[in-house]
>>> print(open('input-v7.cif').read())   # mmCIF, C-alpha atoms
data_entry
loop_
_atom_site.label_atom_id
_atom_site.label_comp_id
_atom_site.auth_asym_id
_atom_site.auth_seq_id
_atom_site.Cartn_x
_atom_site.Cartn_y
_atom_site.Cartn_z
CA MET A 22 2.48 -38.84 -6.72
CA ALA A 23 -1.21 -39.10 -5.90
CA GLN A 24 -2.99 -35.95 -4.80
CA SER A 25 -5.38 -35.55 -1.90
CA ARG A 26 -8.97 -36.09 -3.09
CA GLU A 27 -10.27 -33.47 -0.64
CA SER A 28 -8.03 -30.49 -1.44
CA GLY A 29 -6.18 -31.28 -4.63
CA ARG A 30 -2.87 -30.60 -2.86
CA GLN A 31 -0.08 -33.11 -2.65
CA PRO A 32 0.10 -35.02 0.65
CA GLY A 33 2.55 -33.32 2.96
CA ALA A 34 2.08 -29.87 1.40
CA ALA A 35 -0.07 -28.69 4.30
CA ARG A 36 2.41 -30.10 6.79
CA ALA A 37 5.25 -28.24 5.08
CA HIS A 38 3.35 -24.95 5.26
CA ARG A 39 2.40 -25.59 8.88
CA ALA A 40 5.96 -26.36 9.93
CA GLY A 41 7.20 -23.02 8.62
CA LEU A 42 4.19 -20.94 9.62
CA ASP A 43 5.02 -17.63 11.26
CA GLU A 44 3.60 -14.12 11.47
CA ALA A 45 5.69 -12.75 8.60
CA GLY A 46 4.62 -15.60 6.32
CA ILE A 47 0.97 -15.08 7.24
CA VAL A 48 1.19 -11.38 6.39
CA ARG A 49 2.91 -12.04 3.05
CA ALA A 50 0.27 -14.62 2.13
CA ALA A 51 -2.49 -12.23 3.19
CA ALA A 52 -0.97 -9.53 0.98
CA GLU A 53 -0.87 -11.87 -2.01
CA LEU A 54 -4.47 -12.91 -1.38
CA ALA A 55 -5.61 -9.30 -1.01
CA ASP A 56 -3.85 -8.37 -4.25
CA ALA A 57 -5.52 -11.26 -6.05
CA GLN A 58 -9.10 -10.86 -4.84
CA GLY A 59 -9.34 -7.50 -3.06
CA PHE A 60 -8.59 -6.28 0.44
CA ASP A 61 -12.25 -6.20 1.51
CA SER A 62 -12.69 -9.85 0.49
CA LEU A 63 -9.86 -11.08 2.70
CA ASN A 64 -10.98 -13.64 5.28
CA VAL A 65 -9.35 -16.09 7.65
CA GLY A 66 -10.78 -19.20 5.99
CA GLN A 67 -9.30 -18.46 2.58
CA LEU A 68 -6.00 -17.36 4.11
CA ALA A 69 -5.74 -20.59 6.08
CA GLU A 70 -6.49 -22.59 2.93
CA ARG A 71 -3.79 -20.70 1.03
CA LEU A 72 -1.29 -21.55 3.75
CA GLY A 73 -2.42 -25.19 3.92
CA VAL A 74 -3.60 -25.04 7.54
CA ARG A 75 -6.82 -24.87 9.52
CA PRO A 76 -7.97 -21.44 10.77
CA PRO A 77 -7.15 -22.24 14.44
CA SER A 78 -3.49 -22.61 13.43
CA LEU A 79 -3.46 -18.97 12.30
CA TYR A 80 -4.77 -17.81 15.66
CA LYS A 81 -1.60 -19.09 17.30
CA HIS A 82 0.21 -16.24 15.50
CA VAL A 83 -2.43 -13.53 14.98
CA ALA A 84 -5.37 -12.69 17.23
CA SER A 85 -8.00 -11.84 14.62
CA LEU A 86 -8.76 -10.72 11.08
CA ASP A 87 -8.54 -7.13 12.32
CA GLU A 88 -4.99 -7.77 13.46
CA ILE A 89 -4.11 -9.28 10.09
CA ARG A 90 -5.46 -6.14 8.43
CA ARG A 91 -3.45 -3.90 10.77
CA ARG A 92 -0.30 -5.86 10.02
CA LEU A 93 -1.08 -5.66 6.31
CA ALA A 94 -1.30 -1.87 6.64
CA THR A 95 2.08 -1.84 8.37
CA TYR A 96 3.61 -4.12 5.74
CA GLY A 97 2.12 -2.05 2.95
CA ALA A 98 3.44 1.21 4.40
CA CYS A 99 6.92 -0.29 4.75
CA GLU A 100 6.86 -1.51 1.16
CA LEU A 101 5.55 1.82 -0.10
CA ALA A 102 8.16 3.81 1.84
CA THR A 103 10.92 1.70 0.33
CA THR A 104 9.43 2.08 -3.17
CA LEU A 105 9.12 5.87 -2.90
CA ALA A 106 12.57 6.32 -1.38
CA ARG A 107 14.10 4.31 -4.19
CA ALA A 108 12.23 6.39 -6.78
CA ALA A 109 13.39 9.68 -5.23
CA MET A 110 17.01 8.62 -4.78
CA GLY A 111 19.43 10.99 -6.54
CA LYS A 112 16.66 13.38 -7.58
CA SER A 113 15.36 16.69 -6.27
CA GLY A 114 12.61 19.21 -6.89
CA ARG A 115 10.13 18.43 -9.65
CA ASP A 116 12.13 15.39 -10.78
CA ALA A 117 11.84 13.84 -7.33
CA ILE A 118 8.14 14.60 -6.94
CA GLY A 119 7.34 13.35 -10.44
CA ALA A 120 9.25 10.12 -9.77
CA VAL A 121 7.58 9.62 -6.39
CA ALA A 122 4.10 10.23 -7.83
CA GLY A 123 4.78 7.77 -10.65
CA ALA A 124 6.10 5.16 -8.20
CA TYR A 125 3.03 5.63 -6.00
CA ARG A 126 0.75 5.00 -8.97
CA CYS A 127 2.73 1.91 -10.04
CA PHE A 128 2.63 0.52 -6.50
CA ALA A 129 -1.17 0.87 -6.43
CA ARG A 130 -1.52 -0.87 -9.79
CA GLU A 131 0.89 -3.71 -8.97
CA ARG A 132 -0.20 -4.28 -5.35
CA PRO A 133 -3.88 -3.24 -5.32
CA GLY A 134 -4.87 -5.14 -2.18
CA LEU A 135 -1.84 -4.02 -0.23
CA TYR A 136 -2.40 -0.46 -1.40
CA MET A 137 -5.97 -0.49 -0.10
CA ALA A 138 -4.79 -1.93 3.23
CA LEU A 139 -2.80 1.19 4.02
CA GLN A 140 -5.44 3.76 3.11
CA ARG A 141 -6.98 4.03 6.57
CA ALA A 142 -4.90 6.09 8.99
CA ALA A 143 -3.75 4.35 12.15
CA ASP A 144 -5.61 5.20 15.35
CA PRO A 145 -3.16 7.18 17.51
CA SER A 146 -5.03 6.15 20.65
CA ASP A 147 -4.65 2.43 19.91
CA PRO A 148 -1.30 1.03 21.19
CA ARG A 149 -1.65 -1.88 18.76
CA SER A 150 -1.19 0.51 15.84
CA GLN A 151 2.25 1.78 16.92
CA GLU A 152 4.12 -0.13 14.21
CA GLN A 153 1.66 1.04 11.56
CA ARG A 154 2.11 4.66 12.63
CA ALA A 155 5.89 4.32 12.50
CA ALA A 156 5.75 2.82 9.00
CA SER A 157 3.42 5.59 7.86
CA GLU A 158 5.87 8.15 9.21
CA ASP A 159 8.52 6.65 6.93
CA VAL A 160 6.27 7.30 3.93
CA LEU A 161 5.68 10.88 5.09
CA ALA A 162 9.40 11.39 5.60
CA VAL A 163 10.05 10.68 1.92
CA LEU A 164 7.33 13.12 0.88
CA HIS A 165 8.57 15.83 3.22
CA ALA A 166 12.07 15.40 1.83
CA THR A 167 10.89 15.82 -1.76
CA LEU A 168 9.02 19.01 -0.80
CA ALA A 169 11.89 20.53 1.19
CA PRO A 170 13.37 22.53 -1.74
CA TYR A 171 10.15 24.53 -2.04
CA GLY A 172 10.55 26.22 1.32
CA LEU A 173 7.01 25.55 2.52
CA SER A 174 5.97 25.98 6.13
CA SER A 175 5.18 22.82 8.14
CA GLU A 176 1.47 23.42 7.70
CA GLU A 177 1.84 24.08 3.97
CA GLU A 178 3.80 20.86 3.56
CA ILE A 179 0.97 18.89 5.15
CA HIS A 180 -1.53 20.56 2.80
CA ALA A 181 0.73 19.80 -0.18
CA ILE A 182 1.13 16.15 0.82
CA ARG A 183 -2.62 15.76 1.23
CA MET A 184 -3.18 17.37 -2.14
CA LEU A 185 -0.64 15.15 -3.88
CA ARG A 186 -2.08 12.06 -2.23
CA SER A 187 -5.63 13.05 -3.17
CA LEU A 188 -4.61 13.74 -6.76
CA THR A 189 -2.79 10.44 -7.19
CA HIS A 190 -5.37 8.37 -5.30
CA GLY A 191 -8.25 9.85 -7.27
CA PHE A 192 -6.49 9.14 -10.54
CA ILE A 193 -5.64 5.60 -9.40
CA ALA A 194 -9.22 4.89 -8.33
CA LEU A 195 -10.73 6.11 -11.61
CA GLU A 196 -8.11 4.24 -13.62
CA ALA A 197 -8.79 1.00 -11.72
CA THR A 198 -12.54 1.17 -12.30
CA GLY A 199 -12.31 2.15 -15.96
CA GLY A 200 -13.48 5.68 -15.27
CA PHE A 201 -11.52 7.27 -18.11
CA GLY A 202 -13.39 6.56 -21.34
CA ILE A 203 -11.91 9.13 -23.72
CA PRO A 204 -9.16 7.59 -25.93
CA LEU A 205 -6.30 9.72 -24.68
CA ALA A 206 -3.15 8.27 -23.09
CA LEU A 207 -3.59 8.00 -19.32
CA ASP A 208 0.15 8.35 -18.71
CA ASP A 209 0.05 11.74 -20.43
CA SER A 210 -2.95 12.82 -18.34
CA PHE A 211 -1.21 11.75 -15.15
CA ARG A 212 1.95 13.68 -16.04
CA PHE A 213 -0.18 16.71 -16.92
CA ALA A 214 -1.89 16.60 -13.52
CA ILE A 215 1.40 16.29 -11.65
CA ASP A 216 2.87 19.13 -13.71
CA LEU A 217 0.01 21.43 -12.72
CA PHE A 218 0.58 20.49 -9.07
CA LEU A 219 4.26 21.29 -9.43
CA ARG A 220 3.57 24.63 -11.08
CA GLY A 221 1.47 25.59 -8.10
CA LEU A 222 4.29 24.66 -5.74
CA GLU A 223 6.77 26.66 -7.79
CA GLN A 224 4.54 29.71 -7.74
CA MET A 225 4.23 29.47 -3.96
CA SER A 226 7.96 29.04 -3.62
CA SER A 227 8.79 32.04 -5.81
CA ALA A 228 6.23 34.23 -3.98
#
>>> encode(input="input-v7.cif", output="structure tokens")
Amino acid sequence: MAQSRESGRQPGAARAHRAGLDEAGIVRAAAELADAQGFDSLNVGQLAERLGVRPPSLYKHVASLDEIRRRLATYGACELATTLARAAMGKSGRDAIGAVAGAYRCFARERPGLYMALQRAADPSDPRSQEQRAASEDVLAVLHATLAPYGLSSEEEIHAIRMLRSLTHGFIALEATGGFGIPLALDDSFRFAIDLFLRGLEQMSSA
């Protein structure tokens, strides 16, 4: 079958995409594009091309690029919550936290664009971010559950979650940019860092 000279796609491919175009499909395509080329590089023109439509067709389903990014953050938080819950299932204490930290790191490596989409906290004063906040709460619920055996106060749990997130995110960021030059296994370094975090929790719990 001859291909379109202008786009290189087969005739009818764009029509097929357009016929099935919906918000969920747009978000999934945006996530794939962000993973492939980076969240900050995401734009409506490239997303429309990926879906085989013109940009105005996207605006029938989403209001703006900002909305696409908000929905990506929601989608990413939902995916991350599911990933972490699955990792923690059937585990408790240090086993659960170690599994969750490892799953968090794997998620960031496998879905880098989607991971970056969910890094900015939702604005509590913006009603458009309600779904994002709810999805983020699901992620926090998994983390709170893994910390429950340590008997921390509510405030201490928040500090611990922030510390764990900072530790894993910092490691992920340096790993992604080639920031670790010494020839020592990164998996071992990551486990070592998480073990130190856990020892601190255990000391707090026993005190």
>>> closest_residue(input="input-v7.cif", among="A:Ser146, A:Ser157, A:Thr189, A:Ser226", to="Glu177 in chain A", atoms="all atoms listed in the file")
A:Ser226
>>> resolve_selection(input="input-v7.cif", expression="the PyMOL selection byres ((chain A and resi 97) around 9)", output="list in words")
Ala52, Arg92, Leu93, Ala94, Thr95, Tyr96, Ala98, Cys99, Glu100, Leu101, Ala102, Arg132, Leu135, Tyr136, Met137, Ala138, Leu139 and Ala156 of chain A
>>> resolve_selection(input="input-v7.cif", expression="the PyMOL selection byres ((chain A and resi 164) around 9)", output="ChimeraX atom specification")
/A:105-106,118,121,159-163,165-169,178,182
>>> write_last_selection(input="input-v7.cif", atoms="C-alpha atoms", output="mmCIF file, keeping the file's coordinate frame")
data_model
loop_
_atom_site.group_PDB
_atom_site.id
_atom_site.type_symbol
_atom_site.label_atom_id
_atom_site.label_comp_id
_atom_site.auth_asym_id
_atom_site.auth_seq_id
_atom_site.Cartn_x
_atom_site.Cartn_y
_atom_site.Cartn_z
ATOM 1 C CA LEU A 105 9.120 5.870 -2.900
ATOM 2 C CA ALA A 106 12.570 6.320 -1.380
ATOM 3 C CA ILE A 118 8.140 14.600 -6.940
ATOM 4 C CA VAL A 121 7.580 9.620 -6.390
ATOM 5 C CA ASP A 159 8.520 6.650 6.930
ATOM 6 C CA VAL A 160 6.270 7.300 3.930
ATOM 7 C CA LEU A 161 5.680 10.880 5.090
ATOM 8 C CA ALA A 162 9.400 11.390 5.600
ATOM 9 C CA VAL A 163 10.050 10.680 1.920
ATOM 10 C CA HIS A 165 8.570 15.830 3.220
ATOM 11 C CA ALA A 166 12.070 15.400 1.830
ATOM 12 C CA THR A 167 10.890 15.820 -1.760
ATOM 13 C CA LEU A 168 9.020 19.010 -0.800
ATOM 14 C CA ALA A 169 11.890 20.530 1.190
ATOM 15 C CA GLU A 178 3.800 20.860 3.560
ATOM 16 C CA ILE A 182 1.130 16.150 0.820
#
>>> resolve_selection(input="input-v7.cif", expression="the PyMOL selection byres ((chain A and resi 197-213) around 10)", output="ChimeraX atom specification")
/A:119,122-123,126,129-130,133,188-189,191-196,214-219
>>> atom_distance(input="input-v7.cif", atom1="CA of Arg115 in chain A", atom2="CA of Gly172 in chain A")
13.5 Å
>>> decode(input="input-v7.cif", residues="range 71-116 of chain A", atoms="N, CA and C atoms", output="mmCIF file, in the first residue's frame")
data_model
loop_
_atom_site.group_PDB
_atom_site.id
_atom_site.type_symbol
_atom_site.label_atom_id
_atom_site.label_comp_id
_atom_site.auth_asym_id
_atom_site.auth_seq_id
_atom_site.Cartn_x
_atom_site.Cartn_y
_atom_site.Cartn_z
ATOM 1 N N ARG A 71 1.862 12.566 16.849
ATOM 2 C CA ARG A 71 1.930 11.171 17.315
ATOM 3 C C ARG A 71 0.571 10.488 17.224
ATOM 4 N N LEU A 72 -0.479 11.267 17.464
ATOM 5 C CA LEU A 72 -1.834 10.724 17.442
ATOM 6 C C LEU A 72 -2.449 10.755 16.041
ATOM 7 N N GLY A 73 -1.744 11.375 15.084
ATOM 8 C CA GLY A 73 -2.243 11.418 13.722
ATOM 9 C C GLY A 73 -3.364 12.410 13.512
ATOM 10 N N VAL A 74 -3.360 13.508 14.280
ATOM 11 C CA VAL A 74 -4.393 14.530 14.152
ATOM 12 C C VAL A 74 -3.753 15.905 14.103
ATOM 13 N N ARG A 75 -4.561 16.917 13.840
ATOM 14 C CA ARG A 75 -4.100 18.292 13.924
ATOM 15 C C ARG A 75 -4.291 18.804 15.346
ATOM 16 N N PRO A 76 -3.466 19.747 15.803
ATOM 17 C CA PRO A 76 -3.589 20.255 17.174
ATOM 18 C C PRO A 76 -4.997 20.676 17.579
ATOM 19 N N PRO A 77 -5.789 21.333 16.694
ATOM 20 C CA PRO A 77 -7.140 21.717 17.129
ATOM 21 C C PRO A 77 -8.003 20.534 17.566
ATOM 22 N N SER A 78 -7.729 19.345 17.014
ATOM 23 C CA SER A 78 -8.499 18.163 17.411
ATOM 24 C C SER A 78 -8.252 17.801 18.868
ATOM 25 N N LEU A 79 -7.023 18.059 19.349
ATOM 26 C CA LEU A 79 -6.713 17.771 20.750
ATOM 27 C C LEU A 79 -7.492 18.687 21.679
ATOM 28 N N TYR A 80 -7.694 19.941 21.237
ATOM 29 C CA TYR A 80 -8.338 20.915 22.103
ATOM 30 C C TYR A 80 -9.835 20.661 22.273
ATOM 31 N N LYS A 81 -10.354 19.686 21.552
ATOM 32 C CA LYS A 81 -11.734 19.259 21.798
ATOM 33 C C LYS A 81 -11.825 18.404 23.058
ATOM 34 N N HIS A 82 -10.660 17.889 23.504
ATOM 35 C CA HIS A 82 -10.627 16.982 24.663
ATOM 36 C C HIS A 82 -9.854 17.560 25.837
ATOM 37 N N VAL A 83 -8.859 18.384 25.570
ATOM 38 C CA VAL A 83 -8.060 19.015 26.625
ATOM 39 C C VAL A 83 -7.926 20.500 26.314
ATOM 40 N N ALA A 84 -7.923 21.331 27.345
ATOM 41 C CA ALA A 84 -7.967 22.774 27.140
ATOM 42 C C ALA A 84 -6.625 23.375 26.743
ATOM 43 N N SER A 85 -5.532 22.774 27.215
ATOM 44 C CA SER A 85 -4.221 23.392 27.007
ATOM 45 C C SER A 85 -3.118 22.396 27.319
ATOM 46 N N LEU A 86 -1.879 22.803 27.024
ATOM 47 C CA LEU A 86 -0.722 21.985 27.388
ATOM 48 C C LEU A 86 -0.621 21.860 28.904
ATOM 49 N N ASP A 87 -0.955 22.917 29.625
ATOM 50 C CA ASP A 87 -0.935 22.850 31.089
ATOM 51 C C ASP A 87 -1.889 21.787 31.602
ATOM 52 N N GLU A 88 -3.043 21.673 30.971
ATOM 53 C CA GLU A 88 -3.988 20.638 31.403
ATOM 54 C C GLU A 88 -3.440 19.248 31.105
ATOM 55 N N ILE A 89 -2.811 19.092 29.957
ATOM 56 C CA ILE A 89 -2.202 17.797 29.629
ATOM 57 C C ILE A 89 -1.168 17.435 30.685
ATOM 58 N N ARG A 90 -0.379 18.415 31.110
ATOM 59 C CA ARG A 90 0.647 18.154 32.120
ATOM 60 C C ARG A 90 0.017 17.805 33.469
ATOM 61 N N ARG A 91 -1.082 18.481 33.812
ATOM 62 C CA ARG A 91 -1.765 18.133 35.066
ATOM 63 C C ARG A 91 -2.299 16.716 35.007
ATOM 64 N N ARG A 92 -2.870 16.356 33.871
ATOM 65 C CA ARG A 92 -3.428 15.009 33.743
ATOM 66 C C ARG A 92 -2.319 13.962 33.699
ATOM 67 N N LEU A 93 -1.175 14.340 33.159
ATOM 68 C CA LEU A 93 -0.022 13.434 33.205
ATOM 69 C C LEU A 93 0.419 13.201 34.645
ATOM 70 N N ALA A 94 0.408 14.269 35.450
ATOM 71 C CA ALA A 94 0.786 14.134 36.864
ATOM 72 C C ALA A 94 -0.187 13.210 37.588
ATOM 73 N N THR A 95 -1.461 13.343 37.277
ATOM 74 C CA THR A 95 -2.467 12.465 37.884
ATOM 75 C C THR A 95 -2.251 11.021 37.457
ATOM 76 N N TYR A 96 -2.057 10.826 36.156
ATOM 77 C CA TYR A 96 -1.826 9.486 35.615
ATOM 78 C C TYR A 96 -0.569 8.870 36.213
ATOM 79 N N GLY A 97 0.488 9.687 36.307
ATOM 80 C CA GLY A 97 1.736 9.189 36.875
ATOM 81 C C GLY A 97 1.586 8.794 38.329
ATOM 82 N N ALA A 98 0.857 9.603 39.111
ATOM 83 C CA ALA A 98 0.653 9.276 40.524
ATOM 84 C C ALA A 98 -0.150 7.999 40.676
ATOM 85 N N CYS A 99 -1.163 7.815 39.832
ATOM 86 C CA CYS A 99 -1.955 6.576 39.879
ATOM 87 C C CYS A 99 -1.088 5.357 39.567
ATOM 88 N N GLU A 100 -0.274 5.492 38.524
ATOM 89 C CA GLU A 100 0.611 4.381 38.146
ATOM 90 C C GLU A 100 1.633 4.094 39.241
ATOM 91 N N LEU A 101 2.174 5.145 39.833
ATOM 92 C CA LEU A 101 3.170 4.959 40.891
ATOM 93 C C LEU A 101 2.537 4.327 42.124
ATOM 94 N N ALA A 102 1.347 4.779 42.497
ATOM 95 C CA ALA A 102 0.665 4.202 43.666
ATOM 96 C C ALA A 102 0.436 2.711 43.475
ATOM 97 N N THR A 103 0.009 2.338 42.284
ATOM 98 C CA THR A 103 -0.214 0.916 41.988
ATOM 99 C C THR A 103 1.089 0.133 42.066
ATOM 100 N N THR A 104 2.155 0.708 41.509
ATOM 101 C CA THR A 104 3.470 0.056 41.513
ATOM 102 C C THR A 104 3.982 -0.151 42.934
ATOM 103 N N LEU A 105 3.875 0.879 43.764
ATOM 104 C CA LEU A 105 4.377 0.790 45.138
ATOM 105 C C LEU A 105 3.537 -0.163 45.975
ATOM 106 N N ALA A 106 2.224 -0.118 45.797
ATOM 107 C CA ALA A 106 1.349 -1.024 46.552
ATOM 108 C C ALA A 106 1.640 -2.476 46.206
ATOM 109 N N ARG A 107 1.884 -2.726 44.935
ATOM 110 C CA ARG A 107 2.208 -4.094 44.514
ATOM 111 C C ARG A 107 3.541 -4.539 45.121
ATOM 112 N N ALA A 108 4.505 -3.627 45.174
ATOM 113 C CA ALA A 108 5.818 -3.967 45.730
ATOM 114 C C ALA A 108 5.735 -4.261 47.222
ATOM 115 N N ALA A 109 4.863 -3.534 47.926
ATOM 116 C CA ALA A 109 4.762 -3.692 49.382
ATOM 117 C C ALA A 109 3.860 -4.847 49.800
ATOM 118 N N MET A 110 3.092 -5.377 48.867
ATOM 119 C CA MET A 110 2.109 -6.396 49.209
ATOM 120 C C MET A 110 2.763 -7.609 49.882
ATOM 121 N N GLY A 111 2.228 -7.997 51.040
ATOM 122 C CA GLY A 111 2.726 -9.173 51.751
ATOM 123 C C GLY A 111 4.005 -8.935 52.524
ATOM 124 N N LYS A 112 4.457 -7.698 52.603
ATOM 125 C CA LYS A 112 5.697 -7.382 53.307
ATOM 126 C C LYS A 112 5.414 -6.382 54.424
ATOM 127 N N SER A 113 6.348 -6.266 55.347
ATOM 128 C CA SER A 113 6.217 -5.283 56.420
ATOM 129 C C SER A 113 7.601 -4.836 56.868
ATOM 130 N N GLY A 114 7.631 -3.720 57.609
ATOM 131 C CA GLY A 114 8.886 -3.241 58.160
ATOM 132 C C GLY A 114 9.926 -2.931 57.103
ATOM 133 N N ARG A 115 11.168 -3.312 57.379
ATOM 134 C CA ARG A 115 12.256 -2.972 56.457
ATOM 135 C C ARG A 115 12.097 -3.650 55.105
ATOM 136 N N ASP A 116 11.485 -4.847 55.076
ATOM 137 C CA ASP A 116 11.270 -5.506 53.783
ATOM 138 C C ASP A 116 10.336 -4.685 52.902
#
